[in-house]
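Below: the structure, in structure tokens.
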Amino acid sequence: MSLPPVESCLKISIDSRLDQVFLVSHAVRGICSQLGLEKILVYKLELAVVEAVNNTIKHAYGSRPGHVVEVIITVSRERIRFEICDAGEVLDLPKGERFNYNPRDRKGLPEGGMGLQIIQEVMDEITYHRRGELNCLSLGKRLE
Amino acid sequence: MMIEEMKNGRVLVIKPRERRIDAASANAFKTRLKELIQGRERFIVLDLAEVDFIDSTGLGAIVTVLKALGGDGELVICNPRETVSSLFRLTRMNRVFQIFSSVEEAVANIAGD
């Protein structure tokens, strides 16, 4: 891994449209890859951040374009942290059981609601807080 | 969404020609696949060779297609990249879908069902 000697930070923002999320996705993938993280971990971090941004667009902004979604990526020698911030509705983040379904019951398979479970599965630290006028979901992953 | 469709006997091989099946493209994917099922396609191989990112909405669309087949058909996956395979494992969907490493293997298996 090639982690920076001092904490480093990048802030990006996109419009609240699902067709813009790929930009965040590519940024996360690029940064994590350059840090030398393992390929599967890079994918999982990219996935967790995409899920968080999708969630913000769909639920905090009700899928309405024209609002800002801010993503702050902070890298230190100990961890990488992603803060996803919005000025929309405050979200309730339930902690459900992870992927608790019967794989042989085709009718009962989940078609949605997997995003938060993925985030919980991938990330070590998850907090949701206010920063000024913004709601911020903070996702941290410890780096060995 | 660009999707390649190729009939092989009674099996339809579907190959998305996009790198992502995500929240932005999942609806188009789901709509086309449901049209094919309504057109009486029952045995579908989903070739993910060109897909390098699927999010939970994309995965949910694949599940929707499987459910649309009811008890009267099958959908299997082939050629997933290592990263995409990790999503199936993470969500336990590797216990739902049969996953093959080549189109030929997938077609032979589903046609023999």
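By convention here, the chains of the structure tokens are called A, B, ... in the order presented, each chain's residues are numbered starting at 1, and ligands are numbered starting at 1 in the order presented.
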**Item:** Selection near Arg40 in chain B, 12 Å with only C-alpha atoms, sequence-local residues under 5 positions removed, as a PyMOL selection string
**Value:** chain B and resi 10-12+33-35+68-69+72-73
Output of the above residues as a CSV table (one decimal), in the first residue's frame, restricted to N, CA, C and O atoms:
```csv
chain,number,residue,atom,x,y,z
B,10,ARG,N,-32.8,-23.6,-27.2
B,10,ARG,CA,-33.9,-23.0,-26.4
B,10,ARG,C,-33.4,-22.0,-25.4
B,10,ARG,O,-34.2,-21.4,-24.6
B,11,VAL,N,-32.1,-21.8,-25.4
B,11,VAL,CA,-31.4,-20.9,-24.5
B,11,VAL,C,-31.2,-19.5,-25.1
B,11,VAL,O,-30.7,-19.4,-26.2
B,12,LEU,N,-31.5,-18.5,-24.4
B,12,LEU,CA,-31.2,-17.1,-24.8
B,12,LEU,C,-30.0,-16.6,-24.0
B,12,LEU,O,-30.0,-16.6,-22.8
B,33,LEU,N,-35.3,-7.3,-20.4
B,33,LEU,CA,-35.4,-8.7,-20.0
B,33,LEU,C,-36.8,-9.1,-19.7
B,33,LEU,O,-37.2,-10.3,-20.1
B,34,LYS,N,-37.6,-8.3,-19.1
B,34,LYS,CA,-39.0,-8.6,-18.9
B,34,LYS,C,-39.8,-8.8,-20.2
B,34,LYS,O,-40.7,-9.7,-20.4
B,35,GLU,N,-39.5,-7.9,-21.2
B,35,GLU,CA,-40.1,-8.1,-22.5
B,35,GLU,C,-39.7,-9.4,-23.1
B,35,GLU,O,-40.6,-10.1,-23.7
B,68,ALA,N,-39.4,-13.0,-12.3
B,68,ALA,CA,-40.4,-12.9,-13.4
B,68,ALA,C,-40.6,-14.2,-14.2
B,68,ALA,O,-41.6,-14.4,-14.8
B,69,LEU,N,-39.5,-15.0,-14.1
B,69,LEU,CA,-39.6,-16.4,-14.7
B,69,LEU,C,-40.6,-17.3,-13.9
B,69,LEU,O,-40.9,-18.3,-14.5
B,72,ASP,N,-41.1,-21.4,-13.7
B,72,ASP,CA,-41.2,-22.0,-15.1
B,72,ASP,C,-40.0,-21.5,-15.9
B,72,ASP,O,-40.3,-20.9,-17.0
B,73,GLY,N,-38.8,-21.6,-15.5
B,73,GLY,CA,-37.7,-21.1,-16.3
B,73,GLY,C,-36.5,-20.9,-15.4
B,73,GLY,O,-36.5,-21.2,-14.2
```
Considering only C-alpha atoms, extract the chain A residues located within 12 Å of chain B and return them as an mmCIF file with C-alpha atoms, in the first residue's frame.
```
data_model
loop_
_atom_site.group_PDB
_atom_site.id
_atom_site.type_symbol
_atom_site.label_atom_id
_atom_site.label_comp_id
_atom_site.auth_asym_id
_atom_site.auth_seq_id
_atom_site.Cartn_x
_atom_site.Cartn_y
_atom_site.Cartn_z
ATOM 1 C CA SER A 16 -28.558 14.802 -7.320
ATOM 2 C CA ARG A 17 -29.036 12.586 -10.375
ATOM 3 C CA LEU A 18 -28.422 8.855 -10.541
ATOM 4 C CA ASP A 19 -26.767 9.254 -13.940
ATOM 5 C CA GLN A 20 -24.052 11.361 -12.282
ATOM 6 C CA VAL A 21 -23.090 8.826 -9.618
ATOM 7 C CA PHE A 22 -20.564 7.130 -11.902
ATOM 8 C CA SER A 25 -17.677 5.841 -8.406
ATOM 9 C CA HIS A 26 -14.698 6.460 -10.706
ATOM 10 C CA ARG A 29 -11.985 3.566 -7.592
ATOM 11 C CA GLU A 38 -6.491 -4.948 -3.001
ATOM 12 C CA LYS A 39 -8.838 -5.150 -6.021
ATOM 13 C CA ILE A 40 -11.819 -6.693 -4.217
ATOM 14 C CA LEU A 41 -11.540 -4.145 -1.397
ATOM 15 C CA VAL A 42 -11.447 -1.317 -3.953
ATOM 16 C CA TYR A 43 -14.655 -2.681 -5.487
ATOM 17 C CA LYS A 44 -16.376 -3.007 -2.118
ATOM 18 C CA LEU A 45 -15.442 0.530 -1.061
ATOM 19 C CA GLU A 46 -16.628 1.884 -4.421
ATOM 20 C CA LEU A 47 -19.844 -0.098 -4.019
ATOM 21 C CA ALA A 48 -20.503 1.133 -0.468
ATOM 22 C CA VAL A 49 -19.996 4.770 -1.467
ATOM 23 C CA VAL A 50 -22.214 4.381 -4.543
ATOM 24 C CA GLU A 51 -24.924 2.838 -2.349
ATOM 25 C CA ALA A 52 -24.686 5.772 0.056
ATOM 26 C CA VAL A 53 -24.867 8.348 -2.745
ATOM 27 C CA ASN A 54 -27.782 6.514 -4.426
ATOM 28 C CA ASN A 55 -29.556 6.448 -1.078
ATOM 29 C CA ILE A 57 -30.390 10.977 -4.081
ATOM 30 C CA LYS A 58 -33.395 8.656 -3.775
ATOM 31 C CA SER A 63 -34.931 11.604 -6.714
ATOM 32 C CA GLU A 97 -30.359 -8.210 9.763
ATOM 33 C CA ARG A 98 -27.882 -8.663 6.986
ATOM 34 C CA PHE A 99 -29.113 -10.566 3.937
ATOM 35 C CA ASN A 100 -31.468 -12.700 5.954
ATOM 36 C CA TYR A 101 -33.491 -14.479 3.285
ATOM 37 C CA ASN A 102 -34.057 -18.003 2.075
ATOM 38 C CA PRO A 103 -32.117 -18.482 -1.187
ATOM 39 C CA ARG A 104 -34.447 -21.312 -2.217
ATOM 40 C CA ASP A 105 -37.589 -19.188 -1.866
ATOM 41 C CA ARG A 106 -37.565 -17.431 -5.239
ATOM 42 C CA LYS A 107 -40.687 -15.394 -4.506
ATOM 43 C CA GLY A 108 -39.179 -14.038 -1.286
ATOM 44 C CA LEU A 109 -35.837 -12.897 -2.706
ATOM 45 C CA PRO A 110 -35.002 -9.229 -2.074
ATOM 46 C CA GLU A 111 -35.210 -6.911 -5.088
ATOM 47 C CA GLY A 112 -34.286 -3.804 -3.090
ATOM 48 C CA GLY A 113 -33.204 -2.630 0.311
ATOM 49 C CA MET A 114 -29.743 -4.161 -0.007
ATOM 50 C CA GLY A 115 -27.776 -0.894 -0.135
ATOM 51 C CA LEU A 116 -27.597 -0.235 3.595
ATOM 52 C CA GLN A 117 -26.827 -3.868 4.284
ATOM 53 C CA ILE A 118 -23.912 -3.681 1.842
ATOM 54 C CA ILE A 119 -22.609 -0.539 3.569
ATOM 55 C CA GLN A 120 -22.849 -2.240 6.972
ATOM 56 C CA GLU A 121 -21.079 -5.316 5.632
ATOM 57 C CA VAL A 122 -18.192 -3.391 4.054
#
```
Give the strand (DSSP E or B) residues of chain B, as assigned by DSSP on the backbone, as an mmCIF file with N, CA, C and O atoms, in the first residue's frame.
```cif
data_model
loop_
_atom_site.group_PDB
_atom_site.id
_atom_site.type_symbol
_atom_site.label_atom_id
_atom_site.label_comp_id
_atom_site.auth_asym_id
_atom_site.auth_seq_id
_atom_site.Cartn_x
_atom_site.Cartn_y
_atom_site.Cartn_z
ATOM 1 N N ILE B 3 -27.651 -4.173 -25.201
ATOM 2 C CA ILE B 3 -27.664 -5.574 -24.785
ATOM 3 C C ILE B 3 -27.603 -6.456 -26.023
ATOM 4 O O ILE B 3 -28.418 -6.317 -26.927
ATOM 5 N N GLU B 4 -26.631 -7.366 -26.045
ATOM 6 C CA GLU B 4 -26.526 -8.317 -27.155
ATOM 7 C C GLU B 4 -27.370 -9.542 -26.798
ATOM 8 O O GLU B 4 -27.300 -10.032 -25.669
ATOM 9 N N GLU B 5 -28.174 -10.012 -27.764
ATOM 10 C CA GLU B 5 -29.041 -11.171 -27.503
ATOM 11 C C GLU B 5 -28.739 -12.245 -28.549
ATOM 12 O O GLU B 5 -28.756 -11.961 -29.747
ATOM 13 N N MET B 6 -28.466 -13.460 -28.101
ATOM 14 C CA MET B 6 -28.123 -14.521 -29.042
ATOM 15 C C MET B 6 -28.833 -15.805 -28.635
ATOM 16 O O MET B 6 -28.703 -16.253 -27.495
ATOM 17 N N LYS B 7 -29.571 -16.370 -29.571
ATOM 18 C CA LYS B 7 -30.329 -17.587 -29.272
ATOM 19 C C LYS B 7 -29.448 -18.809 -29.531
ATOM 20 O O LYS B 7 -28.759 -18.889 -30.553
ATOM 21 N N ASN B 8 -29.449 -19.746 -28.612
ATOM 22 C CA ASN B 8 -28.672 -20.971 -28.745
ATOM 23 C C ASN B 8 -29.614 -22.119 -28.381
ATOM 24 O O ASN B 8 -29.769 -22.456 -27.212
ATOM 25 N N VAL B 11 -32.077 -21.770 -25.438
ATOM 26 C CA VAL B 11 -31.445 -20.875 -24.462
ATOM 27 C C VAL B 11 -31.159 -19.516 -25.097
ATOM 28 O O VAL B 11 -30.666 -19.435 -26.224
ATOM 29 N N LEU B 12 -31.481 -18.462 -24.361
ATOM 30 C CA LEU B 12 -31.162 -17.107 -24.823
ATOM 31 C C LEU B 12 -29.971 -16.592 -24.017
ATOM 32 O O LEU B 12 -30.009 -16.566 -22.793
ATOM 33 N N VAL B 13 -28.914 -16.201 -24.752
ATOM 34 C CA VAL B 13 -27.738 -15.634 -24.082
ATOM 35 C C VAL B 13 -27.810 -14.114 -24.198
ATOM 36 O O VAL B 13 -27.906 -13.568 -25.295
ATOM 37 N N ILE B 14 -27.793 -13.475 -23.043
ATOM 38 C CA ILE B 14 -27.902 -12.015 -22.945
ATOM 39 C C ILE B 14 -26.555 -11.459 -22.502
ATOM 40 O O ILE B 14 -26.018 -11.888 -21.478
ATOM 41 N N LYS B 15 -26.022 -10.520 -23.282
ATOM 42 C CA LYS B 15 -24.722 -9.945 -22.912
ATOM 43 C C LYS B 15 -24.814 -8.419 -22.892
ATOM 44 O O LYS B 15 -24.843 -7.781 -23.942
ATOM 45 N N PRO B 16 -24.895 -7.819 -21.713
ATOM 46 C CA PRO B 16 -24.880 -6.350 -21.642
ATOM 47 C C PRO B 16 -23.565 -5.810 -22.210
ATOM 48 O O PRO B 16 -22.489 -6.290 -21.839
ATOM 49 N N ARG B 20 -21.402 -0.986 -16.666
ATOM 50 C CA ARG B 20 -22.104 -0.852 -15.386
ATOM 51 C C ARG B 20 -23.570 -1.285 -15.494
ATOM 52 O O ARG B 20 -24.247 -0.960 -16.460
ATOM 53 N N ILE B 21 -24.031 -2.031 -14.507
ATOM 54 C CA ILE B 21 -25.472 -2.216 -14.311
ATOM 55 C C ILE B 21 -25.735 -1.594 -12.942
ATOM 56 O O ILE B 21 -25.440 -2.191 -11.894
ATOM 57 N N PHE B 43 -35.308 -19.775 -20.682
ATOM 58 C CA PHE B 43 -33.969 -20.179 -20.228
ATOM 59 C C PHE B 43 -32.964 -19.116 -20.663
ATOM 60 O O PHE B 43 -32.694 -18.962 -21.849
ATOM 61 N N ILE B 44 -32.457 -18.403 -19.686
ATOM 62 C CA ILE B 44 -31.626 -17.230 -19.981
ATOM 63 C C ILE B 44 -30.258 -17.360 -19.315
ATOM 64 O O ILE B 44 -30.151 -17.662 -18.123
ATOM 65 N N VAL B 45 -29.228 -17.130 -20.118
ATOM 66 C CA VAL B 45 -27.857 -17.043 -19.605
ATOM 67 C C VAL B 45 -27.452 -15.569 -19.641
ATOM 68 O O VAL B 45 -27.530 -14.939 -20.698
ATOM 69 N N LEU B 46 -27.049 -15.040 -18.513
ATOM 70 C CA LEU B 46 -26.621 -13.648 -18.449
ATOM 71 C C LEU B 46 -25.089 -13.618 -18.434
ATOM 72 O O LEU B 46 -24.453 -14.022 -17.462
ATOM 73 N N ASP B 47 -24.532 -13.161 -19.551
ATOM 74 C CA ASP B 47 -23.076 -13.119 -19.719
ATOM 75 C C ASP B 47 -22.559 -11.752 -19.234
ATOM 76 O O ASP B 47 -22.814 -10.723 -19.870
ATOM 77 N N PHE B 53 -18.977 -3.320 -12.972
ATOM 78 C CA PHE B 53 -19.560 -2.770 -11.742
ATOM 79 C C PHE B 53 -21.065 -3.030 -11.716
ATOM 80 O O PHE B 53 -21.775 -2.699 -12.668
ATOM 81 N N ILE B 54 -21.528 -3.635 -10.649
ATOM 82 C CA ILE B 54 -22.969 -3.796 -10.408
ATOM 83 C C ILE B 54 -23.226 -3.292 -8.994
ATOM 84 O O ILE B 54 -22.514 -3.664 -8.058
ATOM 85 N N GLU B 74 -35.348 -20.549 -15.986
ATOM 86 C CA GLU B 74 -34.115 -20.405 -15.212
ATOM 87 C C GLU B 74 -33.272 -19.270 -15.775
ATOM 88 O O GLU B 74 -33.284 -19.002 -16.971
ATOM 89 N N LEU B 75 -32.583 -18.612 -14.861
ATOM 90 C CA LEU B 75 -31.622 -17.575 -15.227
ATOM 91 C C LEU B 75 -30.314 -17.925 -14.544
ATOM 92 O O LEU B 75 -30.280 -18.084 -13.313
ATOM 93 N N VAL B 76 -29.255 -18.069 -15.331
ATOM 94 C CA VAL B 76 -27.945 -18.339 -14.737
ATOM 95 C C VAL B 76 -26.969 -17.260 -15.192
ATOM 96 O O VAL B 76 -27.208 -16.540 -16.163
ATOM 97 N N ILE B 77 -25.873 -17.171 -14.463
ATOM 98 C CA ILE B 77 -24.864 -16.134 -14.704
ATOM 99 C C ILE B 77 -23.608 -16.792 -15.268
ATOM 100 O O ILE B 77 -23.266 -17.905 -14.870
ATOM 101 N N CYS B 78 -22.931 -16.099 -16.195
ATOM 102 C CA CYS B 78 -21.611 -16.602 -16.589
ATOM 103 C C CYS B 78 -20.634 -15.455 -16.780
ATOM 104 O O CYS B 78 -21.025 -14.299 -16.949
ATOM 105 N N ILE B 99 -23.547 -19.926 -11.115
ATOM 106 C CA ILE B 99 -22.566 -19.060 -11.769
ATOM 107 C C ILE B 99 -21.538 -19.939 -12.483
ATOM 108 O O ILE B 99 -20.949 -20.839 -11.864
ATOM 109 N N PHE B 100 -21.353 -19.679 -13.782
ATOM 110 C CA PHE B 100 -20.449 -20.497 -14.600
ATOM 111 C C PHE B 100 -19.325 -19.623 -15.159
ATOM 112 O O PHE B 100 -19.465 -18.406 -15.284
#
```
**Request:** Name the residues of chain B that come out as alpha helix (DSSP H) in a backbone DSSP run; write them as number ranges by chain.
**Result:** B: 26-38, 56-68, 82-90, 103-111
**Item:** Spatial neighbours of range 69-73 of chain A, 9 Å, only C-alpha atoms, chain gap at least 5 places, as a VMD selection string
**Value:** chain A and resid 8 to 16 24 28 49 53 56 to 57 80 to 87
Please dump the current selection as a PDB file, in the first residue's frame; keep N, CA and C atoms.
```
ATOM      1  N   SER A   8      -4.836  13.354   4.012  1.00  0.00           N
ATOM      2  CA  SER A   8      -5.091  14.063   2.756  1.00  0.00           C
ATOM      3  C   SER A   8      -6.571  13.986   2.449  1.00  0.00           C
ATOM      4  N   CYS A   9      -7.075  15.010   1.791  1.00  0.00           N
ATOM      5  CA  CYS A   9      -8.524  15.137   1.660  1.00  0.00           C
ATOM      6  C   CYS A   9      -8.908  15.650   0.272  1.00  0.00           C
ATOM      7  N   LEU A  10      -9.979  15.089  -0.281  1.00  0.00           N
ATOM      8  CA  LEU A  10     -10.507  15.549  -1.566  1.00  0.00           C
ATOM      9  C   LEU A  10     -12.014  15.715  -1.431  1.00  0.00           C
ATOM     10  N   LYS A  11     -12.529  16.841  -1.930  1.00  0.00           N
ATOM     11  CA  LYS A  11     -13.980  17.049  -1.894  1.00  0.00           C
ATOM     12  C   LYS A  11     -14.504  17.126  -3.329  1.00  0.00           C
ATOM     13  N   ILE A  12     -15.523  16.341  -3.619  1.00  0.00           N
ATOM     14  CA  ILE A  12     -16.153  16.421  -4.929  1.00  0.00           C
ATOM     15  C   ILE A  12     -17.657  16.579  -4.732  1.00  0.00           C
ATOM     16  N   SER A  13     -18.304  17.140  -5.721  1.00  0.00           N
ATOM     17  CA  SER A  13     -19.761  17.243  -5.602  1.00  0.00           C
ATOM     18  C   SER A  13     -20.405  16.963  -6.953  1.00  0.00           C
ATOM     19  N   ILE A  14     -21.591  16.378  -6.886  1.00  0.00           N
ATOM     20  CA  ILE A  14     -22.358  16.081  -8.096  1.00  0.00           C
ATOM     21  C   ILE A  14     -23.784  16.581  -7.901  1.00  0.00           C
ATOM     22  N   ASP A  15     -24.485  16.696  -9.003  1.00  0.00           N
ATOM     23  CA  ASP A  15     -25.909  17.005  -8.932  1.00  0.00           C
ATOM     24  C   ASP A  15     -26.658  15.741  -8.488  1.00  0.00           C
ATOM     25  N   SER A  16     -27.808  15.933  -7.891  1.00  0.00           N
ATOM     26  CA  SER A  16     -28.558  14.802  -7.320  1.00  0.00           C
ATOM     27  C   SER A  16     -29.289  14.008  -8.403  1.00  0.00           C
ATOM     28  N   VAL A  24     -18.568   9.832  -9.038  1.00  0.00           N
ATOM     29  CA  VAL A  24     -18.093   9.531  -7.680  1.00  0.00           C
ATOM     30  C   VAL A  24     -17.453   8.142  -7.669  1.00  0.00           C
ATOM     31  N   VAL A  28     -13.642   7.264  -6.512  1.00  0.00           N
ATOM     32  CA  VAL A  28     -13.316   6.348  -5.400  1.00  0.00           C
ATOM     33  C   VAL A  28     -12.421   5.221  -5.898  1.00  0.00           C
ATOM     34  N   VAL A  49     -19.816   3.328  -1.262  1.00  0.00           N
ATOM     35  CA  VAL A  49     -19.996   4.770  -1.467  1.00  0.00           C
ATOM     36  C   VAL A  49     -21.110   5.024  -2.483  1.00  0.00           C
ATOM     37  N   VAL A  53     -24.485   7.208  -1.889  1.00  0.00           N
ATOM     38  CA  VAL A  53     -24.867   8.348  -2.745  1.00  0.00           C
ATOM     39  C   VAL A  53     -26.243   8.087  -3.381  1.00  0.00           C
ATOM     40  N   THR A  56     -28.858   8.741  -0.823  1.00  0.00           N
ATOM     41  CA  THR A  56     -29.038  10.180  -0.614  1.00  0.00           C
ATOM     42  C   THR A  56     -29.923  10.778  -1.710  1.00  0.00           C
ATOM     43  N   ILE A  57     -29.622  10.420  -2.954  1.00  0.00           N
ATOM     44  CA  ILE A  57     -30.390  10.977  -4.081  1.00  0.00           C
ATOM     45  C   ILE A  57     -31.850  10.510  -4.014  1.00  0.00           C
ATOM     46  N   ILE A  80      -9.412   5.091   5.663  1.00  0.00           N
ATOM     47  CA  ILE A  80      -9.982   5.922   4.607  1.00  0.00           C
ATOM     48  C   ILE A  80     -11.419   6.204   5.024  1.00  0.00           C
ATOM     49  N   ARG A  81     -11.825   7.481   4.870  1.00  0.00           N
ATOM     50  CA  ARG A  81     -13.168   7.856   5.297  1.00  0.00           C
ATOM     51  C   ARG A  81     -13.874   8.585   4.167  1.00  0.00           C
ATOM     52  N   PHE A  82     -15.136   8.256   4.000  1.00  0.00           N
ATOM     53  CA  PHE A  82     -15.971   8.895   2.976  1.00  0.00           C
ATOM     54  C   PHE A  82     -17.134   9.577   3.701  1.00  0.00           C
ATOM     55  N   GLU A  83     -17.281  10.858   3.473  1.00  0.00           N
ATOM     56  CA  GLU A  83     -18.424  11.574   4.045  1.00  0.00           C
ATOM     57  C   GLU A  83     -19.343  11.963   2.901  1.00  0.00           C
ATOM     58  N   ILE A  84     -20.597  11.545   2.987  1.00  0.00           N
ATOM     59  CA  ILE A  84     -21.586  11.859   1.949  1.00  0.00           C
ATOM     60  C   ILE A  84     -22.576  12.843   2.580  1.00  0.00           C
ATOM     61  N   CYS A  85     -22.603  14.056   2.048  1.00  0.00           N
ATOM     62  CA  CYS A  85     -23.372  15.124   2.682  1.00  0.00           C
ATOM     63  C   CYS A  85     -24.443  15.674   1.748  1.00  0.00           C
ATOM     64  N   ASP A  86     -25.574  16.034   2.342  1.00  0.00           N
ATOM     65  CA  ASP A  86     -26.687  16.581   1.560  1.00  0.00           C
ATOM     66  C   ASP A  86     -27.451  17.586   2.394  1.00  0.00           C
ATOM     67  N   ALA A  87     -28.295  18.359   1.719  1.00  0.00           N
ATOM     68  CA  ALA A  87     -29.138  19.337   2.426  1.00  0.00           C
ATOM     69  C   ALA A  87     -30.603  18.936   2.287  1.00  0.00           C
TER      70      ALA A  87
END
```
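From CA of Val90 in chain A back to CA of His59 in chain A, the distance works out to 8.9 Å.
Those residues that approach Arg32 in chain B to within 10 Å, counting only C-alpha atoms, are Met1, Ile3, Asn27, Ala28, Leu36, Ile37, Gln38 and Val65 of chain B; same-chain residues fewer than 4 positions away are not listed.
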Writing out the chosen residues with N, CA, C and O atoms as a compact mmCIF listing (two decimals), in the first residue's frame:
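Written file, selection36.txt:
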```
# COMPACT_ATOMS: atom_id res chain seq x y z
N MET B 1 -29.71 1.05 -22.66
CA MET B 1 -28.61 0.13 -22.40
C MET B 1 -28.42 -0.79 -23.60
O MET B 1 -29.39 -1.33 -24.11
N ILE B 3 -27.65 -4.17 -25.20
CA ILE B 3 -27.66 -5.57 -24.79
C ILE B 3 -27.60 -6.46 -26.02
O ILE B 3 -28.42 -6.32 -26.93
N ASN B 27 -33.17 0.04 -14.74
CA ASN B 27 -34.54 0.00 -15.26
C ASN B 27 -34.58 -0.44 -16.71
O ASN B 27 -35.43 -1.24 -17.10
N ALA B 28 -33.66 0.09 -17.51
CA ALA B 28 -33.62 -0.28 -18.94
C ALA B 28 -33.30 -1.77 -19.08
O ALA B 28 -33.91 -2.47 -19.90
N LEU B 36 -38.49 -9.86 -22.97
CA LEU B 36 -38.07 -11.15 -23.52
C LEU B 36 -38.81 -12.30 -22.83
O LEU B 36 -39.21 -13.27 -23.48
N ILE B 37 -39.01 -12.17 -21.53
CA ILE B 37 -39.73 -13.22 -20.79
C ILE B 37 -41.20 -13.25 -21.22
O ILE B 37 -41.78 -14.32 -21.41
N GLN B 38 -41.77 -12.06 -21.41
CA GLN B 38 -43.15 -12.01 -21.90
C GLN B 38 -43.25 -12.61 -23.31
O GLN B 38 -44.29 -13.10 -23.71
N VAL B 65 -35.73 -10.15 -12.62
CA VAL B 65 -35.84 -10.97 -13.84
C VAL B 65 -36.02 -12.44 -13.48
O VAL B 65 -36.88 -13.14 -14.04
```
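Coordinates place CA of Met123 in chain A at a distance of 6.3 Å from CA of Leu139 in chain A.
CA of Gly88 in chain A is found 28.7 Å from CA of Arg142 in chain A.
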